[in-house]
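Novice: Contents are PDB, C-alpha atoms; file name run-v8.pdb:
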ATOM      1  CA  MET O  11      74.336 -47.161  43.837  1.00  0.00           C
ATOM      2  CA  ARG O  12      73.421 -44.448  46.305  1.00  0.00           C
ATOM      3  CA  ARG O  13      73.113 -40.948  44.832  1.00  0.00           C
ATOM      4  CA  PHE O  14      74.786 -37.978  46.570  1.00  0.00           C
ATOM      5  CA  PRO O  15      72.053 -35.601  47.783  1.00  0.00           C
ATOM      6  CA  ILE O  16      71.863 -32.587  45.424  1.00  0.00           C
ATOM      7  CA  GLU O  17      70.707 -30.361  48.298  1.00  0.00           C
ATOM      8  CA  ILE O  18      74.086 -30.699  50.015  1.00  0.00           C
ATOM      9  CA  VAL O  19      75.856 -29.673  46.821  1.00  0.00           C
ATOM     10  CA  ILE O  20      73.659 -26.571  46.509  1.00  0.00           C
ATOM     11  CA  VAL O  21      74.244 -25.572  50.140  1.00  0.00           C
ATOM     12  CA  ALA O  22      78.002 -26.042  49.750  1.00  0.00           C
ATOM     13  CA  LEU O  23      78.034 -23.884  46.606  1.00  0.00           C
ATOM     14  CA  CYS O  24      76.057 -21.153  48.374  1.00  0.00           C
ATOM     15  CA  VAL O  25      78.543 -21.108  51.258  1.00  0.00           C
ATOM     16  CA  VAL O  26      81.470 -20.878  48.846  1.00  0.00           C
ATOM     17  CA  MET O  27      79.830 -18.000  46.941  1.00  0.00           C
ATOM     18  CA  LEU O  28      79.094 -16.123  50.155  1.00  0.00           C
ATOM     19  CA  VAL O  29      82.701 -16.419  51.304  1.00  0.00           C
ATOM     20  CA  LEU O  30      84.019 -15.290  47.917  1.00  0.00           C
ATOM     21  CA  GLY O  31      81.544 -12.405  47.794  1.00  0.00           C
ATOM     22  CA  TRP O  32      82.565 -11.229  51.240  1.00  0.00           C
ATOM     23  CA  ARG O  33      86.255 -11.376  50.396  1.00  0.00           C
ATOM     24  CA  ILE O  34      85.813  -9.525  47.103  1.00  0.00           C
ATOM     25  CA  TYR O  35      83.165  -6.924  48.015  1.00  0.00           C
ATOM     26  CA  GLY O  36      82.617  -6.955  51.748  1.00  0.00           C
ATOM     27  CA  ALA O  37      86.230  -6.340  52.732  1.00  0.00           C
ATOM     28  CA  GLY O  38      86.442  -3.406  50.335  1.00  0.00           C
ATOM     29  CA  GLU O  39      83.250  -1.857  51.680  1.00  0.00           C
ATOM     30  CA  MET O  40      84.452  -2.273  55.249  1.00  0.00           C
ATOM     31  CA  GLY O  41      87.753  -0.722  54.254  1.00  0.00           C
ATOM     32  CA  ARG O  42      85.883   2.350  53.085  1.00  0.00           C
ATOM     33  CA  PHE O  43      83.582   2.323  56.097  1.00  0.00           C
ATOM     34  CA  THR O  44      86.324   2.108  58.730  1.00  0.00           C
ATOM     35  CA  PRO O  45      87.675   5.652  58.191  1.00  0.00           C
ATOM     36  CA  VAL O  46      84.115   6.978  58.566  1.00  0.00           C
ATOM     37  CA  VAL O  47      83.750   5.245  61.919  1.00  0.00           C
ATOM     38  CA  HIS O  48      87.194   6.557  62.901  1.00  0.00           C
ATOM     39  CA  ALA O  49      86.184  10.105  61.967  1.00  0.00           C
ATOM     40  CA  GLN O  50      82.917   9.877  63.877  1.00  0.00           C
ATOM     41  CA  LYS O  51      84.816   8.911  67.008  1.00  0.00           C
ATOM     42  CA  ALA O  52      87.443  11.650  66.562  1.00  0.00           C
ATOM     43  CA  PRO O  53      87.353  14.200  69.406  1.00  0.00           C
ATOM     44  CA  SER O  54      86.061  17.657  68.556  1.00  0.00           C
ATOM     45  CA  ALA O  55      86.442  20.678  70.833  1.00  0.00           C
ATOM     46  CA  LEU O  56      86.680  24.438  70.334  1.00  0.00           C
ATOM     47  CA  TYR O  57      87.715  26.960  72.980  1.00  0.00           C
ATOM     48  CA  SER O  58      88.074  30.726  72.761  1.00  0.00           C
ATOM     49  CA  GLY O  59      88.394  33.585  75.183  1.00  0.00           C
ATOM     50  CA  LEU O  60      89.098  37.293  75.565  1.00  0.00           C
ATOM     51  CA  THR O  61      90.325  38.905  78.775  1.00  0.00           C
ATOM     52  CA  ILE O  62      90.577  42.684  79.134  1.00  0.00           C
ATOM     53  CA  HIS O  63      92.468  44.278  82.041  1.00  0.00           C
ATOM     54  CA  TYR O  64      91.721  47.971  82.540  1.00  0.00           C
ATOM     55  CA  ALA O  65      94.168  50.511  83.914  1.00  0.00           C
ATOM     56  CA  LYS O  66      91.498  52.870  85.274  1.00  0.00           C
ATOM     57  CA  PRO O  67      88.146  52.560  87.122  1.00  0.00           C
ATOM     58  CA  PRO O  68      85.374  51.635  87.194  1.00  0.00           C
ATOM     59  CA  ILE O  69      86.052  48.277  85.493  1.00  0.00           C
ATOM     60  CA  GLU O  70      88.952  46.075  86.517  1.00  0.00           C
ATOM     61  CA  THR O  71      88.483  43.148  84.118  1.00  0.00           C
ATOM     62  CA  GLU O  72      86.120  41.778  81.505  1.00  0.00           C
ATOM     63  CA  GLU O  73      86.224  38.196  80.305  1.00  0.00           C
ATOM     64  CA  TYR O  74      84.517  36.202  77.550  1.00  0.00           C
ATOM     65  CA  ARG O  75      84.764  32.398  77.545  1.00  0.00           C
ATOM     66  CA  MET O  76      83.259  30.088  74.895  1.00  0.00           C
ATOM     67  CA  SER O  77      83.522  26.357  74.272  1.00  0.00           C
ATOM     68  CA  ASP O  78      81.991  23.758  72.001  1.00  0.00           C
ATOM     69  CA  ILE O  79      82.703  20.159  72.999  1.00  0.00           C
ATOM     70  CA  GLU O  80      81.305  17.406  70.799  1.00  0.00           C
ATOM     71  CA  GLY O  81      78.622  19.768  69.516  1.00  0.00           C
ATOM     72  CA  VAL O  82      77.563  21.059  72.954  1.00  0.00           C
ATOM     73  CA  SER O  83      78.150  24.804  73.312  1.00  0.00           C
ATOM     74  CA  SER O  84      78.449  26.927  76.429  1.00  0.00           C
ATOM     75  CA  PHE O  85      79.541  30.534  76.891  1.00  0.00           C
ATOM     76  CA  GLN O  86      80.079  33.020  79.683  1.00  0.00           C
ATOM     77  CA  TYR O  87      80.787  36.689  80.259  1.00  0.00           C
ATOM     78  CA  SER O  88      82.050  38.186  83.503  1.00  0.00           C
ATOM     79  CA  ILE O  89      82.882  41.706  84.590  1.00  0.00           C
ATOM     80  CA  ARG O  90      84.621  42.796  87.796  1.00  0.00           C
ATOM     81  CA  GLY O  91      84.691  46.311  89.216  1.00  0.00           C
ATOM     82  CA  VAL O  92      87.677  47.862  90.952  1.00  0.00           C
ATOM     83  CA  ASP O  93      85.751  47.432  94.215  1.00  0.00           C
ATOM     84  CA  GLY O  94      85.791  43.640  93.710  1.00  0.00           C
ATOM     85  CA  ARG O  95      82.172  43.341  92.690  1.00  0.00           C
ATOM     86  CA  LEU O  96      81.730  40.527  90.129  1.00  0.00           C
ATOM     87  CA  ILE O  97      78.806  39.902  87.754  1.00  0.00           C
ATOM     88  CA  THR O  98      78.680  36.784  85.568  1.00  0.00           C
ATOM     89  CA  VAL O  99      76.356  36.023  82.664  1.00  0.00           C
ATOM     90  CA  ASN O 100      76.134  32.303  81.861  1.00  0.00           C
ATOM     91  CA  ALA O 101      74.524  30.416  78.989  1.00  0.00           C
ATOM     92  CA  PRO O 102      73.808  26.784  79.959  1.00  0.00           C
ATOM     93  CA  PRO O 103      75.285  24.022  77.758  1.00  0.00           C
ATOM     94  CA  ALA O 104      73.109  23.280  74.734  1.00  0.00           C
ATOM     95  CA  ARG O 105      73.340  21.754  71.274  1.00  0.00           C
ATOM     96  CA  VAL O 106      73.469  25.043  69.395  1.00  0.00           C
ATOM     97  CA  TYR O 107      75.848  26.416  66.774  1.00  0.00           C
ATOM     98  CA  ASP O 108      76.693  29.795  68.330  1.00  0.00           C
ATOM     99  CA  VAL O 109      80.231  28.872  69.369  1.00  0.00           C
ATOM    100  CA  SER O 110      81.176  26.844  66.301  1.00  0.00           C
ATOM    101  CA  PHE O 111      80.021  29.660  63.987  1.00  0.00           C
ATOM    102  CA  PHE O 112      81.829  32.190  66.158  1.00  0.00           C
ATOM    103  CA  PHE O 113      85.055  30.186  66.080  1.00  0.00           C
ATOM    104  CA  GLY O 114      84.810  30.041  62.308  1.00  0.00           C
ATOM    105  CA  ARG O 115      84.467  33.827  62.250  1.00  0.00           C
ATOM    106  CA  LEU O 116      87.586  34.218  64.398  1.00  0.00           C
ATOM    107  CA  VAL O 117      89.548  31.998  62.022  1.00  0.00           C
ATOM    108  CA  GLN O 118      88.232  33.948  59.040  1.00  0.00           C
ATOM    109  CA  ASP O 119      89.274  37.221  60.692  1.00  0.00           C
ATOM    110  CA  GLY O 120      92.835  35.986  61.274  1.00  0.00           C
ATOM    111  CA  VAL O 121      93.028  34.820  64.879  1.00  0.00           C
ATOM    112  CA  TRP O 122      95.686  32.216  63.959  1.00  0.00           C
ATOM    113  CA  ASP O 123      97.791  34.878  62.218  1.00  0.00           C
ATOM    114  CA  ILE O 124      97.994  37.781  64.665  1.00  0.00           C
ATOM    115  CA  VAL O 125     100.994  38.046  66.982  1.00  0.00           C
ATOM    116  CA  ASP O 126     101.844  39.733  70.281  1.00  0.00           C
ATOM    117  CA  ARG O 127     102.159  43.512  70.072  1.00  0.00           C
ATOM    118  CA  PRO O 128     104.243  45.641  72.446  1.00  0.00           C
ATOM    119  CA  SER O 129     102.388  47.540  75.144  1.00  0.00           C
ATOM    120  CA  LEU O 130     101.743  51.160  74.307  1.00  0.00           C
ATOM    121  CA  ALA O 131     102.532  53.879  76.788  1.00  0.00           C
ATOM    122  CA  ASP O 132      99.532  54.990  78.854  1.00  0.00           C
ATOM    123  CA  ALA O 133      97.363  52.205  77.412  1.00  0.00           C
ATOM    124  CA  ASP O 134      93.875  52.124  78.925  1.00  0.00           C
ATOM    125  CA  ALA O 135      93.536  48.354  78.630  1.00  0.00           C
ATOM    126  CA  HIS O 136      95.487  45.161  77.936  1.00  0.00           C
ATOM    127  CA  TYR O 137      93.885  42.443  75.787  1.00  0.00           C
ATOM    128  CA  THR O 138      94.566  38.703  75.825  1.00  0.00           C
ATOM    129  CA  VAL O 139      93.003  36.486  73.142  1.00  0.00           C
ATOM    130  CA  TYR O 140      93.061  32.710  73.554  1.00  0.00           C
ATOM    131  CA  VAL O 141      91.981  30.005  71.102  1.00  0.00           C
ATOM    132  CA  ARG O 142      92.324  26.236  71.154  1.00  0.00           C
ATOM    133  CA  GLN O 143      91.053  23.632  68.703  1.00  0.00           C
ATOM    134  CA  VAL O 144      90.950  19.831  68.868  1.00  0.00           C
ATOM    135  CA  ALA O 145      89.758  18.078  65.698  1.00  0.00           C
ATOM    136  CA  ASP O 146      90.563  14.891  63.759  1.00  0.00           C
ATOM    137  CA  TYR O 147      93.040  13.817  66.440  1.00  0.00           C
ATOM    138  CA  GLN O 148      95.014  17.039  65.930  1.00  0.00           C
ATOM    139  CA  ARG O 149      95.163  20.093  68.133  1.00  0.00           C
ATOM    140  CA  GLY O 150      96.481  23.637  68.193  1.00  0.00           C
ATOM    141  CA  GLN O 151      96.294  26.648  70.468  1.00  0.00           C
ATOM    142  CA  ARG O 152      97.673  30.128  70.903  1.00  0.00           C
ATOM    143  CA  THR O 153      97.547  33.136  73.202  1.00  0.00           C
ATOM    144  CA  VAL O 154      98.087  36.678  71.905  1.00  0.00           C
ATOM    145  CA  THR O 155      98.439  39.879  73.933  1.00  0.00           C
ATOM    146  CA  PHE O 156      98.197  43.511  72.804  1.00  0.00           C
ATOM    147  CA  THR O 157      96.942  46.940  73.811  1.00  0.00           C
ATOM    148  CA  ASP O 158      94.683  49.452  72.063  1.00  0.00           C
ATOM    149  CA  PRO O 159      93.361  47.446  69.072  1.00  0.00           C
ATOM    150  CA  GLN O 160      92.105  50.639  67.411  1.00  0.00           C
ATOM    151  CA  TYR O 161      95.657  52.000  67.371  1.00  0.00           C
ATOM    152  CA  TRP O 162      96.983  48.900  65.638  1.00  0.00           C
ATOM    153  CA  ALA O 163      94.047  48.986  63.252  1.00  0.00           C
ATOM    154  CA  THR O 164      94.372  52.607  62.143  1.00  0.00           C
ATOM    155  CA  LYS O 165      97.417  54.490  63.482  1.00  0.00           C
ATOM    156  CA  ALA O 166     100.377  52.137  63.776  1.00  0.00           C
ATOM    157  CA  GLY O 167     101.852  53.184  60.441  1.00  0.00           C
ATOM    158  CA  ARG O 168     105.126  51.535  59.420  1.00  0.00           C
ATOM    159  CA  GLN O 169     107.902  50.017  61.514  1.00  0.00           C
ATOM    160  CA  TYR O 170     111.563  50.524  60.565  1.00  0.00           C
ATOM    161  CA  THR O 171     114.310  48.043  61.327  1.00  0.00           C
ATOM    162  CA  ILE O 172     118.046  48.759  61.411  1.00  0.00           C
ATOM    163  CA  ASP O 173     120.354  45.735  61.470  1.00  0.00           C
ATOM    164  CA  LEU O 174     123.595  47.041  63.020  1.00  0.00           C
ATOM    165  CA  SER O 175     125.316  43.719  62.358  1.00  0.00           C
ATOM    166  CA  LYS O 176     125.524  44.883  58.745  1.00  0.00           C
ATOM    167  CA  GLY O 177     126.929  48.252  59.713  1.00  0.00           C
ATOM    168  CA  VAL O 178     125.287  51.656  59.992  1.00  0.00           C
ATOM    169  CA  PRO O 179     123.206  52.339  56.860  1.00  0.00           C
ATOM    170  CA  ARG O 180     124.369  55.300  54.816  1.00  0.00           C
ATOM    171  CA  ASP O 181     120.862  56.403  53.896  1.00  0.00           C
ATOM    172  CA  LEU O 182     118.245  56.173  56.668  1.00  0.00           C
ATOM    173  CA  LEU O 183     115.547  57.041  54.146  1.00  0.00           C
ATOM    174  CA  HIS O 184     115.942  53.596  52.638  1.00  0.00           C
ATOM    175  CA  VAL O 185     115.914  51.550  55.835  1.00  0.00           C
ATOM    176  CA  GLN O 186     113.798  48.412  55.526  1.00  0.00           C
ATOM    177  CA  SER O 187     110.252  48.942  56.796  1.00  0.00           C
ATOM    178  CA  THR O 188     107.134  46.839  57.316  1.00  0.00           C
ATOM    179  CA  GLU O 189     103.469  47.761  57.555  1.00  0.00           C
ATOM    180  CA  ALA O 190     102.440  47.786  61.239  1.00  0.00           C
ATOM    181  CA  THR O 191      98.798  48.763  60.792  1.00  0.00           C
ATOM    182  CA  ASP O 192      96.623  45.661  61.118  1.00  0.00           C
ATOM    183  CA  PRO O 193      92.803  45.847  61.373  1.00  0.00           C
ATOM    184  CA  ARG O 194      92.543  42.231  62.542  1.00  0.00           C
ATOM    185  CA  TYR O 195      93.131  43.161  66.184  1.00  0.00           C
ATOM    186  CA  ALA O 196      90.160  45.513  66.293  1.00  0.00           C
ATOM    187  CA  GLN O 197      87.989  43.113  64.281  1.00  0.00           C
ATOM    188  CA  ILE O 198      88.662  40.154  66.577  1.00  0.00           C
ATOM    189  CA  VAL O 199      87.825  42.218  69.671  1.00  0.00           C
ATOM    190  CA  LYS O 200      84.632  43.329  67.912  1.00  0.00           C
ATOM    191  CA  ASP O 201      83.798  39.674  67.181  1.00  0.00           C
ATOM    192  CA  PHE O 202      83.855  38.946  70.911  1.00  0.00           C
ATOM    193  CA  ARG O 203      81.847  42.077  71.721  1.00  0.00           C
ATOM    194  CA  ASP O 204      79.178  41.130  69.172  1.00  0.00           C
ATOM    195  CA  PHE O 205      79.002  37.459  70.162  1.00  0.00           C
ATOM    196  CA  GLY O 206      75.865  35.672  71.282  1.00  0.00           C
ATOM    197  CA  PRO O 207      72.091  35.715  70.908  1.00  0.00           C
ATOM    198  CA  ASP O 208      70.177  38.897  71.713  1.00  0.00           C
ATOM    199  CA  VAL O 209      69.273  37.875  75.256  1.00  0.00           C
ATOM    200  CA  PHE O 210      72.926  37.157  76.074  1.00  0.00           C
ATOM    201  CA  ARG O 211      74.105  40.516  74.723  1.00  0.00           C
ATOM    202  CA  ARG O 212      71.349  42.347  76.604  1.00  0.00           C
ATOM    203  CA  ASN O 213      72.431  40.722  79.859  1.00  0.00           C
ATOM    204  CA  VAL O 214      76.067  41.601  79.117  1.00  0.00           C
ATOM    205  CA  ALA O 215      75.116  45.239  78.518  1.00  0.00           C
ATOM    206  CA  ALA O 216      73.097  45.286  81.751  1.00  0.00           C
ATOM    207  CA  ALA O 217      76.059  43.898  83.707  1.00  0.00           C
ATOM    208  CA  GLN O 218      78.354  46.566  82.248  1.00  0.00           C
ATOM    209  CA  GLU O 219      75.938  49.338  83.147  1.00  0.00           C
ATOM    210  CA  ARG O 220      75.563  47.980  86.647  1.00  0.00           C
ATOM    211  CA  ILE O 221      79.310  48.015  87.287  1.00  0.00           C
ATOM    212  CA  ARG O 222      79.687  51.481  85.775  1.00  0.00           C
ATOM    213  CA  GLY O 223      76.667  52.718  87.705  1.00  0.00           C
ATOM    214  CA  THR O 224      78.169  51.803  91.065  1.00  0.00           C
ATOM    215  CA  HIS O 225      81.015  54.236  90.314  1.00  0.00           C
ATOM    216  CA  GLY O 226      79.020  56.847  88.437  1.00  0.00           C
TER     217      GLY O 226
END
Once more with this new file: its structure as structure tokens, please.
Specialist:
Amino acid sequence: MRRFPIEIVIVALCVVMLVLGWRIYGAGEMGRFTPVVHAQKAPSALYSGLTIHYAKPPIETEEYRMSDIEGVSSFQYSIRGVDGRLITVNAPPARVYDVSFFFGRLVQDGVWDIVDRPSLADADAHYTVYVRQVADYQRGQRTVTFTDPQYWATKAGRQYTIDLSKGVPRDLLHVQSTEATDPRYAQIVKDFRDFGPDVFRRNVAAAQERIRGTHG
């Protein structure tokens, strides 16, 4: 009687154990690994900007623009005089953390919470702040405009609201009011002014002096 080769039995058992092991452990590990791969492939981009329009010479506009796309940062400052002269300071794209840290500072200082403010009479400048974020397959953006951030930070006081649909209030001393003073506007503008490594800020200051000097 011919004996069945024991080697074939051992090989067959090994194959069965491998299949069972994969189904019990391997599938679970892959299930945990898949979200990691998904997260690594998720797009990541940060954008921020500040534009200042001046009402009086010598400067017409100033503009800060920053971006961080998939870990590669770039940033730029430009200033234009009322005579049309334009000076731009560029930082070439690089894998640095300047923009990502800066964006985190903006978020910490309330950039997602501030709202448009009405233009003040005789304002020297109009400010526009822009932020956009793309992360984990989600995105958000906003643009906020205001004038005189120092006014809103220190002098705005309280705002009073009268709802005439409820009739004329008998006692104007008890009209509903809200706090209008908000230091976040001044702080966010300061964040942009303070942004960048020393060499970038020095070049920005030199560009500002050059534009002012042509009208001095």
Novice: Got a sec: who's within 7 Å of Ile97 (chain O), counting only C-alpha atoms, leaving out chain neighbours fewer than 5 positions off, as a PyMOL selection string?
Specialist: chain O and resi 88-90+217
Novice: Could you state the separation of CA of Arg95 (chain O) and CA of Gly59 (chain O) in Å, given to one decimal place?
Specialist: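 Going from CA of Arg95 (chain O) over to CA of Gly59 (chain O), I get 21.0 Å.
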Novice: Would you compute the distance between CA of Gln143 (chain O) and CA of Ala55 (chain O)? Give it in Å to one decimal.
Specialist: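 Calculated distance between CA of Gln143 (chain O) and CA of Ala55 (chain O) is 5.9 Å.
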Novice: Go through O:Gly120, O:Gly81, O:Pro68, O:Pro53 and flag the residue nearest Ala104 (chain O), using only C-alpha atoms for the distances.
Specialist: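 Closest candidate: O:Gly81.
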Novice: Would you write out, as a list in words, every residue that the PyMOL selection byres ((chain O and resi 207-211) around 12) captures in this file?
Specialist: Tyr74, Ser84, Phe85, Gln86, Tyr87, Ser88, Thr98, Val99, Asn100, Ala101, Pro102, Val106, Tyr107, Asp108, Val109, Phe112, Phe202, Arg203, Asp204, Phe205, Gly206, Arg212, Asn213, Val214, Ala215, Ala216, Ala217 and Gln218 of chain O
Novice: Between CA of Ser58 (chain O) and CA of Ser77 (chain O), what is the spacing in Å?
Specialist: 6.5 Å
Novice: Padding 8 Å on every side, please: axis-aligned box over the listed atoms of region 71-85 of chain O, centre and edge lengths to one decimal in Å, as JSON.
Specialist:
{"center_x": 83.0, "center_y": 30.3, "center_z": 76.8, "size_x": 26.9, "size_y": 41.7, "size_z": 30.6}
Novice: Determine the residue membership of the PyMOL selection byres ((chain O and resi 138) around 10) for the file above and supply it as number ranges by chain.
Specialist: O: 59-63, 73, 126, 136-137, 139-140, 153-157, 199
